[in-house]
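Structure first, then comments.
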Amino acid sequence: MEVKILDQNGEKVVVIEGRVDTVTASDLEMKVSQIWSTPAITLVFDCEKLEYLSSSGLRIILSAHKQVTAKGGKFILRNLSREVRSVIDLTGFSRILTIE
Amino acid sequence: MEKRLVLKNEISEINRLAMFIEELGEELNLAPDLVFNLNLVLEEAVSNVILYAYPKEEHQEIHLTAKKSDKNLIFVLTDSGKEFDPTQAPDADITLSAEERPIGGLGIFLIRQIMDKVEYQRIDGKNVLTLGKQLDE
């Protein structure tokens, strides 16, 4: 898994590439947790190159959403593949998250 | 068709599990969506064993068998760790708001949602988890 954090048009965009699983999730959490408590941030997970996501990744997504919205910010999931979208749908996350 | 994998109780073994599922998908010509979901299910089941079944630093083996017969794909996961019946775990409530939803608890839920059969047995001091999926052919 590769993670890049970019500043784009006033958003913090986390570009995630590869697999987010039990092995790699802690690395993603460590990187994202450094920015998710910034007040009123727009935090975007760009998932165009995300190949796989297990429940360890879902935990980070929910944590990110909770952290960001608690500080008056916005959390967005962007460019989900069909497979990743289906996991997000299955867990009911699509009803509580902003997906673009 | 039967395929076996022996894993150590180390988190890095999830990579070998993923390769095993990819190979199985190629051998059985399974749809990419199904391979993705099987990967998800087996990772949840195996990581539970790796993380919780044994005391830390105790080296143990986890056995996985995949068998296809007729239109059924059956996985049997066996470990000799402490007794744990995942079928007794409560389902995640996916109707809660984001604020109310607990972080975690989705692994078992995903297994139940994706698989057609989830059975647990404790046999001779071993946890035996059987996961079945019917194949549309």
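Residues in the structure tokens are named by chain (A, B, ... in the order shown) and by number from 1 within that chain; ligands are numbered from 1 in the order shown.
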
Considering only strand (DSSP E or B) as DSSP defines it on the backbone, what residues of chain A qualify? List them as a ChimeraX atom specification. /A:2-8,11-20,42-53,74-78,98-99

Find the residues of chain A in contact range of chain B, meaning any atom within 10 Å when counting only C-alpha atoms, and list them as a PyMOL selection string. chain A and resi 21-24+51-63+65-67+69-70+82-84+86-87+90-93+95-97

Selection file, N, CA and C atoms, as a JSON list (two decimals), in the first residue's frame:
[["chain", "number", "residue", "atom", "x", "y", "z"],
["A", 21, "ASP", "N", -5.40, -3.73, 4.29],
["A", 21, "ASP", "CA", -5.82, -4.95, 4.98],
["A", 21, "ASP", "C", -5.27, -4.95, 6.41],
["A", 22, "THR", "N", -5.36, -6.08, 7.08],
["A", 22, "THR", "CA", -4.91, -6.16, 8.47],
["A", 22, "THR", "C", -3.43, -5.81, 8.61],
["A", 23, "VAL", "N", -2.66, -6.07, 7.53],
["A", 23, "VAL", "CA", -1.22, -5.81, 7.59],
["A", 23, "VAL", "C", -0.93, -4.32, 7.42],
["A", 24, "THR", "N", -1.62, -3.67, 6.48],
["A", 24, "THR", "CA", -1.25, -2.29, 6.10],
["A", 24, "THR", "C", -2.08, -1.21, 6.79],
["A", 51, "GLU", "N", -7.17, -1.10, -4.32],
["A", 51, "GLU", "CA", -7.54, -2.39, -4.93],
["A", 51, "GLU", "C", -8.38, -3.24, -3.99],
["A", 52, "TYR", "N", -8.20, -3.04, -2.69],
["A", 52, "TYR", "CA", -8.83, -3.95, -1.72],
["A", 52, "TYR", "C", -8.94, -3.26, -0.38],
["A", 53, "LEU", "N", -10.04, -3.55, 0.31],
["A", 53, "LEU", "CA", -10.31, -2.91, 1.60],
["A", 53, "LEU", "C", -10.97, -3.94, 2.51],
["A", 54, "SER", "N", -10.35, -4.23, 3.66],
["A", 54, "SER", "CA", -10.99, -5.16, 4.59],
["A", 54, "SER", "C", -11.59, -4.36, 5.75],
["A", 55, "SER", "N", -12.11, -5.06, 6.75],
["A", 55, "SER", "CA", -12.79, -4.34, 7.84],
["A", 55, "SER", "C", -11.82, -3.44, 8.61],
["A", 56, "SER", "N", -10.52, -3.76, 8.56],
["A", 56, "SER", "CA", -9.56, -2.88, 9.23],
["A", 56, "SER", "C", -9.52, -1.51, 8.53],
["A", 57, "GLY", "N", -9.73, -1.49, 7.22],
["A", 57, "GLY", "CA", -9.82, -0.23, 6.49],
["A", 57, "GLY", "C", -11.14, 0.49, 6.76],
["A", 58, "LEU", "N", -12.21, -0.28, 6.89],
["A", 58, "LEU", "CA", -13.52, 0.32, 7.20],
["A", 58, "LEU", "C", -13.48, 1.03, 8.55],
["A", 59, "ARG", "N", -12.75, 0.45, 9.49],
["A", 59, "ARG", "CA", -12.62, 1.07, 10.81],
["A", 59, "ARG", "C", -11.95, 2.45, 10.69],
["A", 60, "ILE", "N", -10.93, 2.54, 9.82],
["A", 60, "ILE", "CA", -10.22, 3.82, 9.66],
["A", 60, "ILE", "C", -11.15, 4.85, 8.99],
["A", 61, "ILE", "N", -11.93, 4.38, 8.02],
["A", 61, "ILE", "CA", -12.86, 5.29, 7.34],
["A", 61, "ILE", "C", -13.86, 5.87, 8.34],
["A", 62, "LEU", "N", -14.43, 5.00, 9.20],
["A", 62, "LEU", "CA", -15.40, 5.49, 10.18],
["A", 62, "LEU", "C", -14.73, 6.41, 11.21],
["A", 63, "SER", "N", -13.54, 6.05, 11.63],
["A", 63, "SER", "CA", -12.80, 6.91, 12.57],
["A", 63, "SER", "C", -12.54, 8.27, 11.95],
["A", 65, "HIS", "N", -14.17, 9.78, 9.55],
["A", 65, "HIS", "CA", -15.44, 10.52, 9.46],
["A", 65, "HIS", "C", -15.81, 11.13, 10.81],
["A", 66, "LYS", "N", -15.70, 10.33, 11.86],
["A", 66, "LYS", "CA", -16.07, 10.81, 13.20],
["A", 66, "LYS", "C", -15.15, 11.94, 13.65],
["A", 67, "GLN", "N", -13.84, 11.77, 13.47],
["A", 67, "GLN", "CA", -12.87, 12.77, 13.91],
["A", 67, "GLN", "C", -13.08, 14.10, 13.18],
["A", 69, "THR", "N", -15.76, 15.23, 11.35],
["A", 69, "THR", "CA", -17.05, 15.91, 11.54],
["A", 69, "THR", "C", -17.18, 16.47, 12.96],
["A", 70, "ALA", "N", -16.54, 15.83, 13.94],
["A", 70, "ALA", "CA", -16.59, 16.35, 15.32],
["A", 70, "ALA", "C", -15.91, 17.72, 15.43],
["A", 82, "ARG", "N", -15.94, -0.56, -8.14],
["A", 82, "ARG", "CA", -17.20, -1.28, -7.94],
["A", 82, "ARG", "C", -17.12, -2.22, -6.74],
["A", 83, "GLU", "N", -15.98, -2.93, -6.61],
["A", 83, "GLU", "CA", -15.82, -3.89, -5.52],
["A", 83, "GLU", "C", -15.79, -3.19, -4.16],
["A", 84, "VAL", "N", -15.02, -2.11, -4.08],
["A", 84, "VAL", "CA", -14.91, -1.38, -2.80],
["A", 84, "VAL", "C", -16.27, -0.76, -2.47],
["A", 86, "SER", "N", -19.13, -1.90, -3.20],
["A", 86, "SER", "CA", -20.07, -2.92, -2.73],
["A", 86, "SER", "C", -19.85, -3.25, -1.25],
["A", 87, "VAL", "N", -18.60, -3.19, -0.78],
["A", 87, "VAL", "CA", -18.34, -3.42, 0.65],
["A", 87, "VAL", "C", -18.90, -2.25, 1.47],
["A", 90, "LEU", "N", -22.59, -2.74, 1.62],
["A", 90, "LEU", "CA", -22.95, -3.88, 2.46],
["A", 90, "LEU", "C", -22.96, -3.52, 3.95],
["A", 91, "THR", "N", -22.04, -2.65, 4.33],
["A", 91, "THR", "CA", -21.91, -2.31, 5.75],
["A", 91, "THR", "C", -22.77, -1.12, 6.16],
["A", 92, "GLY", "N", -23.54, -0.59, 5.20],
["A", 92, "GLY", "CA", -24.41, 0.55, 5.51],
["A", 92, "GLY", "C", -23.67, 1.88, 5.56],
["A", 93, "PHE", "N", -22.38, 1.87, 5.24],
["A", 93, "PHE", "CA", -21.60, 3.10, 5.29],
["A", 93, "PHE", "C", -22.05, 4.11, 4.23],
["A", 95, "ARG", "N", -24.87, 5.05, 3.57],
["A", 95, "ARG", "CA", -25.94, 5.92, 4.09],
["A", 95, "ARG", "C", -25.41, 7.02, 5.01],
["A", 96, "ILE", "N", -24.24, 6.81, 5.57],
["A", 96, "ILE", "CA", -23.75, 7.78, 6.56],
["A", 96, "ILE", "C", -22.54, 8.58, 6.09],
["A", 97, "LEU", "N", -21.99, 8.21, 4.93],
["A", 97, "LEU", "CA", -20.79, 8.91, 4.45],
["A", 97, "LEU", "C", -21.09, 9.68, 3.17]]

Might you pull out every residue within 6 Å of Lys126 (chain B), with only C-alpha atoms counted and same-chain residues fewer than 3 positions away left off, and present them as a compact mmCIF listing (two decimals) with all heavy atoms, in the first residue's frame?
# COMPACT_ATOMS: atom_id res chain seq x y z
N ASP B 79 -7.94 -24.12 13.98
CA ASP B 79 -6.84 -23.69 14.84
C ASP B 79 -7.00 -24.34 16.21
O ASP B 79 -8.10 -24.76 16.57
CB ASP B 79 -6.81 -22.16 14.99
CG ASP B 79 -8.00 -21.63 15.78
OD1 ASP B 79 -7.94 -21.63 17.03
OD2 ASP B 79 -8.99 -21.23 15.15
N SER B 80 -5.91 -24.43 16.95
CA SER B 80 -5.99 -25.07 18.26
C SER B 80 -5.90 -24.04 19.38
O SER B 80 -5.47 -24.33 20.49
CB SER B 80 -4.93 -26.15 18.40
OG SER B 80 -3.69 -25.66 17.96
N ARG B 122 -16.41 -27.13 17.91
CA ARG B 122 -15.21 -27.32 18.72
C ARG B 122 -14.96 -28.82 18.73
O ARG B 122 -15.77 -29.59 19.27
CB ARG B 122 -15.44 -26.79 20.13
CG ARG B 122 -14.25 -26.88 21.06
CD ARG B 122 -13.23 -25.78 20.82
NE ARG B 122 -12.12 -25.88 21.76
CZ ARG B 122 -11.02 -25.13 21.69
NH1 ARG B 122 -10.88 -24.23 20.74
NH2 ARG B 122 -10.07 -25.27 22.57
N ILE B 123 -13.87 -29.25 18.08
CA ILE B 123 -13.61 -30.68 17.95
C ILE B 123 -12.19 -30.97 18.47
O ILE B 123 -11.22 -30.41 17.95
CB ILE B 123 -13.71 -31.15 16.47
CG1 ILE B 123 -15.09 -30.79 15.89
CG2 ILE B 123 -13.47 -32.64 16.35
CD1 ILE B 123 -15.20 -31.02 14.38

Point-to-point distance in Å for CA of Tyr120 (chain B) and CA of Phe84 (chain B):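 For CA of Phe84 (chain B) relative to CA of Tyr120 (chain B), the distance reads 8.8 Å.
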
For CA of Asp85 (chain B) and CA of Leu64 (chain B), determine how far apart the two atoms are, in Å to one decimal place.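 Between CA of Asp85 (chain B) and CA of Leu64 (chain B) the gap is 16.8 Å.
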
Applying 8 Å and only C-alpha atoms, which residues near region 27-33 of chain A remain after dropping the ones on its own chain fewer than 3 positions away? List them as a list of chain:residue names. A:Val3, A:Val14, A:Val20, A:Thr24, A:Trp36, A:Ser37, A:Ile60, A:Ala64

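Taking CA of Met1 (chain A) and CA of Ile50 (chain B) as endpoints, the distance between them is 20.9 Å.
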
Would you list the contacts of Gln8 (chain A) as a ChimeraX atom specification, taking every protein, DNA or RNA residue within 12 Å and counting only C-alpha atoms, but skipping same-chain residues closer than 5 positions in sequence? /A:13-15,42-44,46

Alpha helix (DSSP H) residues, from DSSP on the backbone, in region 31-69 of chain B, as a ChimeraX atom specification: /B:32-52

So that I can check the surroundings of Thr130 (chain B), please list as a PyMOL selection string every protein, DNA and RNA residue that reaches within 7 Å of it, counting only C-alpha atoms and ignoring chain neighbours fewer than 6 positions away. chain B and resi 74-77+118-120

Selection above as a file: N, CA, C and O atoms, as a CSV table (one decimal), in the first residue's frame:
chain,number,residue,atom,x,y,z
B,74,ILE,N,-16.3,-24.7,-0.3
B,74,ILE,CA,-16.3,-24.8,1.1
B,74,ILE,C,-14.9,-24.6,1.7
B,74,ILE,O,-13.9,-25.2,1.2
B,75,PHE,N,-14.8,-23.7,2.6
B,75,PHE,CA,-13.5,-23.4,3.3
B,75,PHE,C,-13.6,-24.0,4.7
B,75,PHE,O,-14.7,-23.7,5.4
B,76,VAL,N,-12.6,-24.7,5.2
B,76,VAL,CA,-12.6,-25.1,6.6
B,76,VAL,C,-11.3,-24.5,7.2
B,76,VAL,O,-10.2,-24.8,6.7
B,77,LEU,N,-11.5,-23.7,8.3
B,77,LEU,CA,-10.4,-23.1,9.0
B,77,LEU,C,-10.3,-23.7,10.3
B,77,LEU,O,-11.2,-23.8,11.1
B,118,VAL,N,-22.2,-20.6,7.5
B,118,VAL,CA,-21.2,-20.3,8.5
B,118,VAL,C,-21.4,-21.2,9.7
B,118,VAL,O,-22.4,-21.0,10.4
B,119,GLU,N,-20.5,-22.1,9.9
B,119,GLU,CA,-20.8,-23.1,11.0
B,119,GLU,C,-19.5,-23.2,11.8
B,119,GLU,O,-18.4,-23.3,11.3
B,120,TYR,N,-19.7,-23.3,13.1
B,120,TYR,CA,-18.6,-23.5,14.0
B,120,TYR,C,-18.8,-24.8,14.8
B,120,TYR,O,-19.9,-25.1,15.2

Within 9 Å of Thr98 (chain A), counting only C-alpha atoms, which residues qualify if same-chain residues fewer than 4 places away don't, as number ranges by chain? A: 74-78, 94
